[in-house]
file start14.cif (mmCIF, C-alpha atoms and all ligand atoms; chains and numbers go by the auth columns)
data_upload
loop_
_atom_site.group_PDB
_atom_site.id
_atom_site.type_symbol
_atom_site.label_atom_id
_atom_site.label_comp_id
_atom_site.label_asym_id
_atom_site.label_seq_id
_atom_site.Cartn_x
_atom_site.Cartn_y
_atom_site.Cartn_z
_atom_site.B_iso_or_equiv
_atom_site.auth_seq_id
_atom_site.auth_asym_id
ATOM 1 C CA MET A 1 53.951 -21.582 7.009 0.00 1046 R
ATOM 2 C CA ARG A 2 54.583 -23.087 3.617 0.00 1047 R
ATOM 3 C CA LEU A 3 50.947 -24.075 3.409 0.00 1048 R
ATOM 4 C CA LEU A 4 49.884 -20.505 4.179 0.00 1049 R
ATOM 5 C CA ARG A 5 52.208 -19.124 1.488 0.00 1050 R
ATOM 6 C CA THR A 6 50.851 -21.573 -1.070 0.00 1051 R
ATOM 7 C CA LEU A 7 47.320 -20.558 -0.174 0.00 1052 R
ATOM 8 C CA VAL A 8 48.124 -16.841 -0.526 0.00 1053 R
ATOM 9 C CA ILE A 9 49.686 -17.387 -3.944 0.00 1054 R
ATOM 10 C CA ALA A 10 46.769 -19.553 -5.072 0.00 1055 R
ATOM 11 C CA PHE A 11 44.291 -16.895 -3.915 0.00 1056 R
ATOM 12 C CA ALA A 12 46.233 -14.104 -5.672 0.00 1057 R
ATOM 13 C CA ALA A 13 46.293 -16.122 -8.897 0.00 1058 R
ATOM 14 C CA LEU A 14 42.546 -16.706 -8.660 0.00 1059 R
ATOM 15 C CA SER A 15 41.862 -13.002 -8.132 0.00 1060 R
ATOM 16 C CA VAL A 16 43.786 -12.135 -11.287 0.00 1061 R
ATOM 17 C CA VAL A 17 41.745 -14.603 -13.276 0.00 1062 R
ATOM 18 C CA GLY A 18 38.582 -13.266 -11.574 0.00 1063 R
ATOM 19 C CA CYS A 19 39.363 -9.775 -12.830 0.00 1064 R
ATOM 20 C CA ASN A 20 38.864 -10.808 -16.390 0.00 1065 R
ATOM 21 C CA THR A 21 36.077 -8.471 -17.568 0.00 1066 R
ATOM 22 C CA ASP A 22 35.568 -9.839 -21.092 0.00 1067 R
ATOM 23 C CA MET A 23 32.088 -10.977 -20.276 0.00 1068 R
ATOM 24 C CA TRP A 24 30.637 -7.643 -19.277 0.00 1069 R
ATOM 25 C CA VAL A 25 32.779 -5.177 -21.218 0.00 1070 R
ATOM 26 C CA GLN A 26 31.563 -6.062 -24.657 0.00 1071 R
ATOM 27 C CA LYS A 27 30.296 -4.203 -27.672 0.00 1072 R
ATOM 28 C CA LYS A 28 26.678 -3.253 -27.273 0.00 1073 R
ATOM 29 C CA SER A 29 24.341 -0.326 -27.831 0.00 1074 R
ATOM 30 C CA ALA A 30 22.485 1.211 -24.914 0.00 1075 R
ATOM 31 C CA PRO A 31 18.813 2.047 -25.540 0.00 1076 R
ATOM 32 C CA LEU A 32 18.300 5.314 -27.449 0.00 1077 R
ATOM 33 C CA SER A 33 22.049 5.809 -27.933 0.00 1078 R
ATOM 34 C CA GLU A 34 23.828 6.616 -31.211 0.00 1079 R
ATOM 35 C CA SER A 35 24.909 3.922 -33.600 0.00 1080 R
ATOM 36 C CA GLU A 36 26.783 3.781 -36.864 0.00 1081 R
ATOM 37 C CA PHE A 37 25.137 0.522 -37.760 0.00 1082 R
ATOM 38 C CA PHE A 38 21.802 1.941 -38.964 0.00 1083 R
ATOM 39 C CA PRO A 39 21.498 4.691 -41.608 0.00 1084 R
ATOM 40 C CA ASP A 40 19.430 6.932 -39.286 0.00 1085 R
ATOM 41 C CA GLY A 41 22.280 6.965 -36.731 0.00 1086 R
ATOM 42 C CA ALA A 42 20.106 5.660 -33.841 0.00 1087 R
ATOM 43 C CA ALA A 43 20.694 2.335 -32.079 0.00 1088 R
ATOM 44 C CA THR A 44 17.028 1.817 -31.237 0.00 1089 R
ATOM 45 C CA ARG A 45 14.674 0.878 -34.063 0.00 1090 R
ATOM 46 C CA PRO A 46 11.517 2.958 -34.418 0.00 1091 R
ATOM 47 C CA LEU A 47 8.268 1.200 -33.473 0.00 1092 R
ATOM 48 C CA VAL A 48 6.279 -0.281 -36.304 0.00 1093 R
ATOM 49 C CA PRO A 49 3.487 2.222 -37.123 0.00 1094 R
ATOM 50 C CA GLY A 50 0.264 1.329 -35.323 0.00 1095 R
ATOM 51 C CA THR A 51 2.021 -0.475 -32.430 0.00 1096 R
ATOM 52 C CA ILE A 52 -0.240 -0.645 -29.354 0.00 1097 R
ATOM 53 C CA PRO A 53 1.192 -1.290 -25.882 0.00 1098 R
ATOM 54 C CA ARG A 54 -0.611 -4.236 -24.300 0.00 1099 R
ATOM 55 C CA GLY A 55 -1.711 -4.180 -20.677 0.00 1100 R
ATOM 56 C CA HIS A 56 -1.299 -0.417 -20.267 0.00 1101 R
ATOM 57 C CA LEU A 57 -4.611 0.785 -21.626 0.00 1102 R
ATOM 58 C CA ARG A 58 -6.157 2.298 -18.527 0.00 1103 R
ATOM 59 C CA GLU A 59 -9.577 3.056 -19.904 0.00 1104 R
ATOM 60 C CA ASP A 60 -11.496 2.502 -16.708 0.00 1105 R
ATOM 61 C CA GLY A 61 -11.093 5.987 -15.217 0.00 1106 R
ATOM 62 C CA ALA A 62 -13.088 5.318 -12.054 0.00 1107 R
ATOM 63 C CA PHE A 63 -10.959 2.268 -11.223 0.00 1108 R
ATOM 64 C CA TYR A 64 -7.561 3.816 -12.046 0.00 1109 R
ATOM 65 C CA THR A 65 -8.069 7.404 -10.876 0.00 1110 R
ATOM 66 C CA GLY A 66 -11.046 7.422 -8.500 0.00 1111 R
ATOM 67 C CA ILE A 67 -12.468 10.199 -10.688 0.00 1112 R
ATOM 68 C CA GLU A 68 -15.380 10.044 -13.115 0.00 1113 R
ATOM 69 C CA ASN A 69 -16.745 13.002 -15.099 0.00 1114 R
ATOM 70 C CA GLY A 70 -14.427 15.326 -13.196 0.00 1115 R
ATOM 71 C CA LYS A 71 -15.725 14.210 -9.777 0.00 1116 R
ATOM 72 C CA TRP A 72 -14.481 11.800 -7.110 0.00 1117 R
ATOM 73 C CA VAL A 73 -16.417 8.562 -7.333 0.00 1118 R
ATOM 74 C CA ASP A 74 -18.778 7.874 -4.468 0.00 1119 R
ATOM 75 C CA LYS A 75 -18.953 4.125 -4.865 0.00 1120 R
ATOM 76 C CA ILE A 76 -16.086 1.639 -4.670 0.00 1121 R
ATOM 77 C CA PRO A 77 -15.782 0.360 -8.277 0.00 1122 R
ATOM 78 C CA VAL A 78 -14.926 -3.255 -7.353 0.00 1123 R
ATOM 79 C CA ALA A 79 -17.020 -6.030 -5.829 0.00 1124 R
ATOM 80 C CA ILE A 80 -16.846 -5.953 -2.029 0.00 1125 R
ATOM 81 C CA THR A 81 -16.267 -9.493 -0.847 0.00 1126 R
ATOM 82 C CA ASN A 82 -14.971 -10.995 2.346 0.00 1127 R
ATOM 83 C CA ASP A 83 -11.644 -11.680 0.633 0.00 1128 R
ATOM 84 C CA LEU A 84 -11.365 -8.057 -0.485 0.00 1129 R
ATOM 85 C CA MET A 85 -11.989 -6.823 3.069 0.00 1130 R
ATOM 86 C CA LYS A 86 -9.346 -9.198 4.439 0.00 1131 R
ATOM 87 C CA ARG A 87 -6.868 -8.069 1.805 0.00 1132 R
ATOM 88 C CA GLY A 88 -7.693 -4.450 2.650 0.00 1133 R
ATOM 89 C CA GLN A 89 -7.096 -5.076 6.348 0.00 1134 R
ATOM 90 C CA ASP A 90 -3.814 -6.797 5.544 0.00 1135 R
ATOM 91 C CA ARG A 91 -2.531 -3.936 3.339 0.00 1136 R
ATOM 92 C CA PHE A 92 -3.850 -1.284 5.729 0.00 1137 R
ATOM 93 C CA ASP A 93 -2.087 -2.893 8.682 0.00 1138 R
ATOM 94 C CA ILE A 94 1.173 -2.984 6.751 0.00 1139 R
ATOM 95 C CA TYR A 95 1.183 0.418 5.079 0.00 1140 R
ATOM 96 C CA CYS A 96 -1.101 2.767 6.977 0.00 1141 R
ATOM 97 C CA THR A 97 -1.118 1.789 10.666 0.00 1142 R
ATOM 98 C CA PRO A 98 2.416 3.071 11.408 0.00 1143 R
ATOM 99 C CA CYS A 99 0.996 6.598 11.196 0.00 1144 R
ATOM 100 C CA HIS A 100 -2.789 6.282 11.211 0.00 1145 R
ATOM 101 C CA GLY A 101 -3.086 3.546 13.855 0.00 1146 R
ATOM 102 C CA ARG A 102 -5.038 0.277 13.697 0.00 1147 R
ATOM 103 C CA LEU A 103 -8.304 2.164 14.130 0.00 1148 R
ATOM 104 C CA GLY A 104 -7.431 4.907 11.676 0.00 1149 R
ATOM 105 C CA ASP A 105 -7.706 7.463 14.470 0.00 1150 R
ATOM 106 C CA GLY A 106 -4.297 8.986 13.776 0.00 1151 R
ATOM 107 C CA LYS A 107 -2.674 7.348 16.811 0.00 1152 R
ATOM 108 C CA GLY A 108 -0.131 5.213 14.994 0.00 1153 R
ATOM 109 C CA MET A 109 3.206 4.501 16.635 0.00 1154 R
ATOM 110 C CA ILE A 110 5.035 7.027 14.464 0.00 1155 R
ATOM 111 C CA ALA A 111 2.588 9.771 15.394 0.00 1156 R
ATOM 112 C CA LEU A 112 2.613 8.778 19.091 0.00 1157 R
ATOM 113 C CA ARG A 113 6.379 8.688 19.279 0.00 1158 R
ATOM 114 C CA GLY A 114 6.507 12.275 18.068 0.00 1159 R
ATOM 115 C CA PHE A 115 7.967 11.704 14.634 0.00 1160 R
ATOM 116 C CA GLN A 116 8.168 15.215 13.253 0.00 1161 R
ATOM 117 C CA LEU A 117 5.435 15.204 10.655 0.00 1162 R
ATOM 118 C CA LYS A 118 4.757 18.632 9.239 0.00 1163 R
ATOM 119 C CA ARG A 119 1.069 18.232 9.921 0.00 1164 R
ATOM 120 C CA PRO A 120 -0.883 15.911 12.227 0.00 1165 R
ATOM 121 C CA VAL A 121 -1.852 12.568 10.741 0.00 1166 R
ATOM 122 C CA GLY A 122 -5.432 12.464 9.482 0.00 1167 R
ATOM 123 C CA ASN A 123 -8.122 10.972 11.702 0.00 1168 R
ATOM 124 C CA TYR A 124 -10.571 8.985 9.555 0.00 1169 R
ATOM 125 C CA HIS A 125 -13.368 9.494 12.071 0.00 1170 R
ATOM 126 C CA SER A 126 -13.740 13.225 11.577 0.00 1171 R
ATOM 127 C CA ASP A 127 -17.073 14.287 10.069 0.00 1172 R
ATOM 128 C CA ARG A 128 -15.260 15.618 7.033 0.00 1173 R
ATOM 129 C CA LEU A 129 -13.550 12.308 6.210 0.00 1174 R
ATOM 130 C CA ARG A 130 -16.627 10.220 6.998 0.00 1175 R
ATOM 131 C CA LYS A 131 -18.548 12.162 4.371 0.00 1176 R
ATOM 132 C CA MET A 132 -15.640 12.238 1.937 0.00 1177 R
ATOM 133 C CA PRO A 133 -16.264 10.304 -1.319 0.00 1178 R
ATOM 134 C CA VAL A 134 -14.128 7.162 -1.693 0.00 1179 R
ATOM 135 C CA GLY A 135 -12.489 8.724 -4.770 0.00 1180 R
ATOM 136 C CA HIS A 136 -10.677 11.169 -2.479 0.00 1181 R
ATOM 137 C CA PHE A 137 -9.142 8.298 -0.483 0.00 1182 R
ATOM 138 C CA TYR A 138 -8.029 6.725 -3.750 0.00 1183 R
ATOM 139 C CA ASP A 139 -6.446 10.024 -4.741 0.00 1184 R
ATOM 140 C CA VAL A 140 -4.637 10.327 -1.383 0.00 1185 R
ATOM 141 C CA ILE A 141 -3.157 6.812 -1.654 0.00 1186 R
ATOM 142 C CA THR A 142 -2.207 7.334 -5.319 0.00 1187 R
ATOM 143 C CA ASN A 143 -0.820 10.865 -5.250 0.00 1188 R
ATOM 144 C CA GLY A 144 -0.158 11.564 -1.587 0.00 1189 R
ATOM 145 C CA TYR A 145 -1.732 14.438 0.328 0.00 1190 R
ATOM 146 C CA GLY A 146 0.067 17.398 1.901 0.00 1191 R
ATOM 147 C CA ALA A 147 2.705 15.942 4.214 0.00 1192 R
ATOM 148 C CA MET A 148 1.785 12.350 3.286 0.00 1193 R
ATOM 149 C CA TYR A 149 3.615 10.801 0.380 0.00 1194 R
ATOM 150 C CA SER A 150 2.193 8.611 -2.381 0.00 1195 R
ATOM 151 C CA TYR A 151 1.741 4.848 -1.954 0.00 1196 R
ATOM 152 C CA ALA A 152 1.232 4.228 -5.679 0.00 1197 R
ATOM 153 C CA SER A 153 4.475 2.286 -6.063 0.00 1198 R
ATOM 154 C CA ARG A 154 3.606 -0.068 -3.187 0.00 1199 R
ATOM 155 C CA ILE A 155 -0.145 -0.582 -3.475 0.00 1200 R
ATOM 156 C CA GLU A 156 -1.724 -1.753 -6.746 0.00 1201 R
ATOM 157 C CA PRO A 157 -5.027 -0.119 -7.839 0.00 1202 R
ATOM 158 C CA GLN A 158 -7.070 -3.200 -6.868 0.00 1203 R
ATOM 159 C CA ASP A 159 -5.469 -3.219 -3.415 0.00 1204 R
ATOM 160 C CA ARG A 160 -6.042 0.540 -3.006 0.00 1205 R
ATOM 161 C CA TRP A 161 -9.771 -0.119 -3.287 0.00 1206 R
ATOM 162 C CA ALA A 162 -9.448 -2.991 -0.808 0.00 1207 R
ATOM 163 C CA VAL A 163 -7.755 -0.620 1.684 0.00 1208 R
ATOM 164 C CA ILE A 164 -10.522 1.940 1.151 0.00 1209 R
ATOM 165 C CA ALA A 165 -13.258 -0.658 1.713 0.00 1210 R
ATOM 166 C CA TYR A 166 -11.526 -1.524 5.002 0.00 1211 R
ATOM 167 C CA ILE A 167 -11.258 2.177 5.959 0.00 1212 R
ATOM 168 C CA ARG A 168 -15.010 2.518 5.409 0.00 1213 R
ATOM 169 C CA ALA A 169 -15.529 -0.470 7.742 0.00 1214 R
ATOM 170 C CA LEU A 170 -13.271 1.182 10.341 0.00 1215 R
ATOM 171 C CA GLN A 171 -15.286 4.385 10.072 0.00 1216 R
ATOM 172 C CA LEU A 172 -18.495 2.432 10.574 0.00 1217 R
ATOM 173 C CA SER A 173 -16.999 0.590 13.531 0.00 1218 R
ATOM 174 C CA GLN A 174 -16.529 3.856 15.424 0.00 1219 R
ATOM 175 C CA HIS A 175 -19.941 5.327 14.641 0.00 1220 R
ATOM 176 C CA GLY A 176 -22.304 2.406 15.011 0.00 1221 R
ATOM 177 C CA SER A 177 -25.547 2.908 16.928 0.00 1222 R
ATOM 178 C CA VAL A 178 -28.098 0.522 18.439 0.00 1223 R
ATOM 179 C CA SER A 179 -30.458 1.158 15.516 0.00 1224 R
ATOM 180 C CA ASP A 180 -27.898 -0.440 13.150 0.00 1225 R
ATOM 181 C CA LEU A 181 -28.428 -3.790 14.908 0.00 1226 R
ATOM 182 C CA SER A 182 -30.892 -6.477 13.900 0.00 1227 R
ATOM 183 C CA ASP A 183 -33.604 -7.416 16.406 0.00 1228 R
ATOM 184 C CA PRO A 184 -31.881 -10.640 17.595 0.00 1229 R
ATOM 185 C CA GLU A 185 -28.679 -8.630 18.099 0.00 1230 R
ATOM 186 C CA LYS A 186 -30.544 -5.978 20.077 0.00 1231 R
ATOM 187 C CA ALA A 187 -32.069 -8.693 22.248 0.00 1232 R
ATOM 188 C CA LYS A 188 -28.585 -9.886 23.097 0.00 1233 R
ATOM 189 C CA LEU A 189 -27.781 -6.441 24.531 0.00 1234 R
ATOM 190 C CA ASP A 190 -30.452 -6.977 27.187 0.00 1235 R
ATOM 191 C CA GLU A 191 -29.282 -10.447 28.123 0.00 1236 R
ATOM 192 C CA LYS A 192 -28.087 -10.606 31.686 0.00 1237 R
ATOM 193 C CA VAL A 193 -24.521 -11.768 31.956 0.00 1238 R
ATOM 194 C CA GLU A 194 -24.146 -13.814 35.112 0.00 1239 R
ATOM 195 C CA PRO A 195 -21.286 -12.420 37.161 0.00 1240 R
ATOM 196 C CA LYS A 196 -18.584 -14.985 37.868 0.00 1241 R
ATOM 197 C CA LYS A 197 -18.873 -16.559 41.304 0.00 1242 R
ATOM 198 C CA GLU A 198 -16.438 -15.034 43.750 0.00 1243 R
ATOM 199 C CA GLY A 199 -13.748 -17.392 44.885 0.00 1244 R
ATOM 200 C CA ALA A 200 -14.395 -20.090 42.273 0.00 1245 R
ATOM 201 C CA GLU A 201 -11.419 -18.942 40.245 0.00 1246 R
ATOM 202 C CA GLY A 202 -9.450 -17.142 42.897 0.00 1247 R
ATOM 203 C CA GLU A 203 -8.973 -20.115 45.212 0.00 1248 R
ATOM 204 C CA GLY A 204 -5.476 -20.825 46.279 0.00 1249 R
ATOM 205 C CA HIS A 205 -4.194 -17.305 45.568 0.00 1250 R
HETATM 206 C C1 LIG B . 4.423 8.134 7.356 0.00 1301 R
HETATM 207 C C2 LIG B . 3.136 8.426 7.929 0.00 1301 R
HETATM 208 C C3 LIG B . 1.893 8.077 7.107 0.00 1301 R
HETATM 209 C C4 LIG B . 1.541 6.855 6.568 0.00 1301 R
HETATM 210 C C5 LIG B . 2.323 5.562 6.671 0.00 1301 R
HETATM 211 C C6 LIG B . 0.259 7.039 5.934 0.00 1301 R
HETATM 212 N N1 LIG B . -0.161 8.332 6.092 0.00 1301 R
HETATM 213 FE FE1 LIG B . -1.972 9.096 5.523 0.00 1301 R
HETATM 214 N N2 LIG B . -1.459 10.883 6.330 0.00 1301 R
HETATM 215 C C7 LIG B . -0.254 11.197 6.932 0.00 1301 R
HETATM 216 C C8 LIG B . -0.229 12.614 7.281 0.00 1301 R
HETATM 217 C C9 LIG B . 0.932 13.354 7.948 0.00 1301 R
HETATM 218 C C10 LIG B . -1.459 13.144 6.869 0.00 1301 R
HETATM 219 C C11 LIG B . -1.912 14.603 6.959 0.00 1301 R
HETATM 220 C C12 LIG B . -1.360 15.291 5.722 0.00 1301 R
HETATM 221 C C13 LIG B . -1.651 16.770 5.693 0.00 1301 R
HETATM 222 O O1 LIG B . -2.708 17.188 6.195 0.00 1301 R
HETATM 223 O O2 LIG B . -0.796 17.494 5.145 0.00 1301 R
HETATM 224 C C14 LIG B . -2.216 12.029 6.299 0.00 1301 R
HETATM 225 C C15 LIG B . -3.523 12.138 5.831 0.00 1301 R
HETATM 226 C C16 LIG B . -4.251 11.100 5.304 0.00 1301 R
HETATM 227 C C17 LIG B . -5.647 11.200 4.915 0.00 1301 R
HETATM 228 C C18 LIG B . -6.532 12.425 5.086 0.00 1301 R
HETATM 229 C C19 LIG B . -6.591 13.285 3.867 0.00 1301 R
HETATM 230 C C20 LIG B . -7.526 14.480 4.110 0.00 1301 R
HETATM 231 O O3 LIG B . -8.360 14.752 3.233 0.00 1301 R
HETATM 232 O O4 LIG B . -7.406 15.121 5.156 0.00 1301 R
HETATM 233 C C21 LIG B . -6.019 9.983 4.426 0.00 1301 R
HETATM 234 C C22 LIG B . -7.382 9.576 3.890 0.00 1301 R
HETATM 235 C C23 LIG B . -4.853 9.118 4.516 0.00 1301 R
HETATM 236 N N3 LIG B . -3.805 9.825 5.058 0.00 1301 R
HETATM 237 C C24 LIG B . -4.828 7.807 4.114 0.00 1301 R
HETATM 238 C C25 LIG B . -3.715 6.967 4.247 0.00 1301 R
HETATM 239 C C26 LIG B . -3.700 5.588 3.818 0.00 1301 R
HETATM 240 C C27 LIG B . -4.867 4.869 3.185 0.00 1301 R
HETATM 241 C C28 LIG B . -2.458 5.091 4.130 0.00 1301 R
HETATM 242 C C29 LIG B . -1.915 3.715 3.853 0.00 1301 R
HETATM 243 C C30 LIG B . -1.967 3.304 2.477 0.00 1301 R
HETATM 244 C C31 LIG B . -1.713 6.171 4.762 0.00 1301 R
HETATM 245 N N4 LIG B . -2.507 7.284 4.804 0.00 1301 R
HETATM 246 C C32 LIG B . -0.426 6.043 5.250 0.00 1301 R
HETATM 247 C C33 LIG B . 0.767 10.319 7.193 0.00 1301 R
HETATM 248 C C34 LIG B . 0.809 9.004 6.805 0.00 1301 R
#
call {"tool": "encode", "arguments": {"input": "start14.cif", "output": "structure tokens", "more": "lines below"}}
Ligand code: HEC
result
Amino acid sequence: MRLLRTLVIAFAALSVVGCNTDMWVQKKSAPLSESEFFPDGAATRPLVPGTIPRGHLREDGAFYTGIENGKWVDKIPVAITNDLMKRGQDRFDIYCTPCHGRLGDGKGMIALRGFQLKRPVGNYHSDRLRKMPVGHFYDVITNGYGAMYSYASRIEPQDRWAVIAYIRALQLSQHGSVSDLSDPEKAKLDEKVEPKKEGAEGEGH
């Protein structure tokens, strides 16, 4: 019992010491607040004339907005590489599949489970969206669209284009035809696949 009492007293003493707020209640000026220190009465100093913010100059309109000369761009403004496609698949699977599904057909788990979306989730394989310029997709990801909210805070511009490249591949995957194949690939279609011999695998069942 005495041990317990000692512990309680020690803990109480520590808490009192812990409540010392000297370190964070100290004299300081919040940004853009008033101050008596400077003659102009403001705590924040004005920027030196001619100051240019670095890293925020978004001159490349097509890349940052998906729009050029007032129109949605028709061509993805980054190099399409294998790595970009993989990155696009990765980001798409994380951010878009919950609603749009792995195929982009609008059958994501959220849509299937009846989550009350105001409007049905878009199906990328409609004629309208297959013909839609890539700039529109960029706009949808950046600013949202109708019932869908913006993904700008979660997907960087470069990754938005990667997602769009992957969406284009998904669209192609659902509308391929035999004439898209090379001759050796077509030949493979005619190859006879030997049926598995009955019983060879099933023995003993
Ligand atoms: C929380 C569910 C949800 C997620 C996640 C989601 N979307 Fe959507 N999306 C919607 C809904 C709902 C619509 C239909 C909006 C409408 O018509 O009002 C839509 C529509 C669209 C459309 C069709 C726009 C048109 O012109 O009809 C595109 C393209 C699209 N989404 C792309 C994406 C991409 C790319 C992602 C991932 C970065 C994504 N969405 C993630 C719910 C979602």
call {"tool": "resolve_selection", "arguments": {"input": "start14.cif", "expression": "the PyMOL selection byres (((chain R and resi 1114-1117) around 12) and not hetatm)", "output": "list of chain:residue names"}}
result
R:Asp1105, R:Gly1106, R:Ala1107, R:Phe1108, R:Tyr1109, R:Thr1110, R:Gly1111, R:Ile1112, R:Glu1113, R:Val1118, R:Asp1119, R:Lys1120, R:Ile1121, R:Pro1122, R:Met1177, R:Pro1178, R:Val1179, R:Gly1180, R:His1181, R:Phe1182, R:Tyr1183, R:Asp1184, R:Val1185
call {"tool": "atom_distance", "arguments": {"input": "start14.cif", "atom1": "atom CA of R:Lys1231", "atom2": "atom CA of R:Gln1134"}}
result
27.2 Å
call {"tool": "axis_aligned_box", "arguments": {"input": "start14.cif", "around": "ligand LIG 1301 (chain R)", "padding_each_side": "4 Å", "output": "lines of an AutoDock Vina configuration file"}}
result
center_x = -2.0
center_y = 10.4
center_z = 5.2
size_x = 20.8
size_y = 22.2
size_z = 13.5
call {"tool": "residues_near_ligand", "arguments": {"input": "start14.cif", "ligand": "ligand LIG 1301 (chain R)", "cutoff": "8 Å", "atoms": "only C-alpha atoms and all ligand atoms", "output": "PyMOL selection string"}}
result
chain R and resi 1136-1137+1139-1145+1155-1156+1162-1169+1173-1174+1177+1181-1183+1185-1186+1189-1194+1196+1200+1205+1208-1209+1212
call {"tool": "closest_residue", "arguments": {"input": "start14.cif", "among": "R:Leu1077, R:Val1123, R:Arg1199, R:His1170", "to": "R:Gly1221", "atoms": "all atoms listed in the file"}}
result
R:His1170
call {"tool": "atom_distance", "arguments": {"input": "start14.cif", "atom1": "atom CA of R:Trp1206", "atom2": "atom CA of R:Thr1126"}}
result
11.7 Å
call {"tool": "closest_residue", "arguments": {"input": "start14.cif", "among": "R:Asp1085, R:Glu1104, R:Asp1204, R:Asp1067", "to": "R:Asp1135", "atoms": "all atoms listed in the file"}}
result
R:Asp1204
call {"tool": "atom_distance", "arguments": {"input": "start14.cif", "atom1": "atom CA of R:Ser1198", "atom2": "atom CA of R:Met1130"}}
result
20.9 Å
call {"tool": "closest_residue", "arguments": {"input": "start14.cif", "among": "R:Leu1217, R:Val1223, R:Leu1102, R:Ala1210", "to": "R:Asp1128", "atoms": "only C-alpha atoms"}}
result
R:Ala1210
call {"tool": "closest_residue", "arguments": {"input": "start14.cif", "among": "R:Lys1176, R:Glu1079, R:Pro1094, R:Gly1146", "to": "R:Arg1213", "atoms": "all atoms listed in the file"}}
result
R:Lys1176
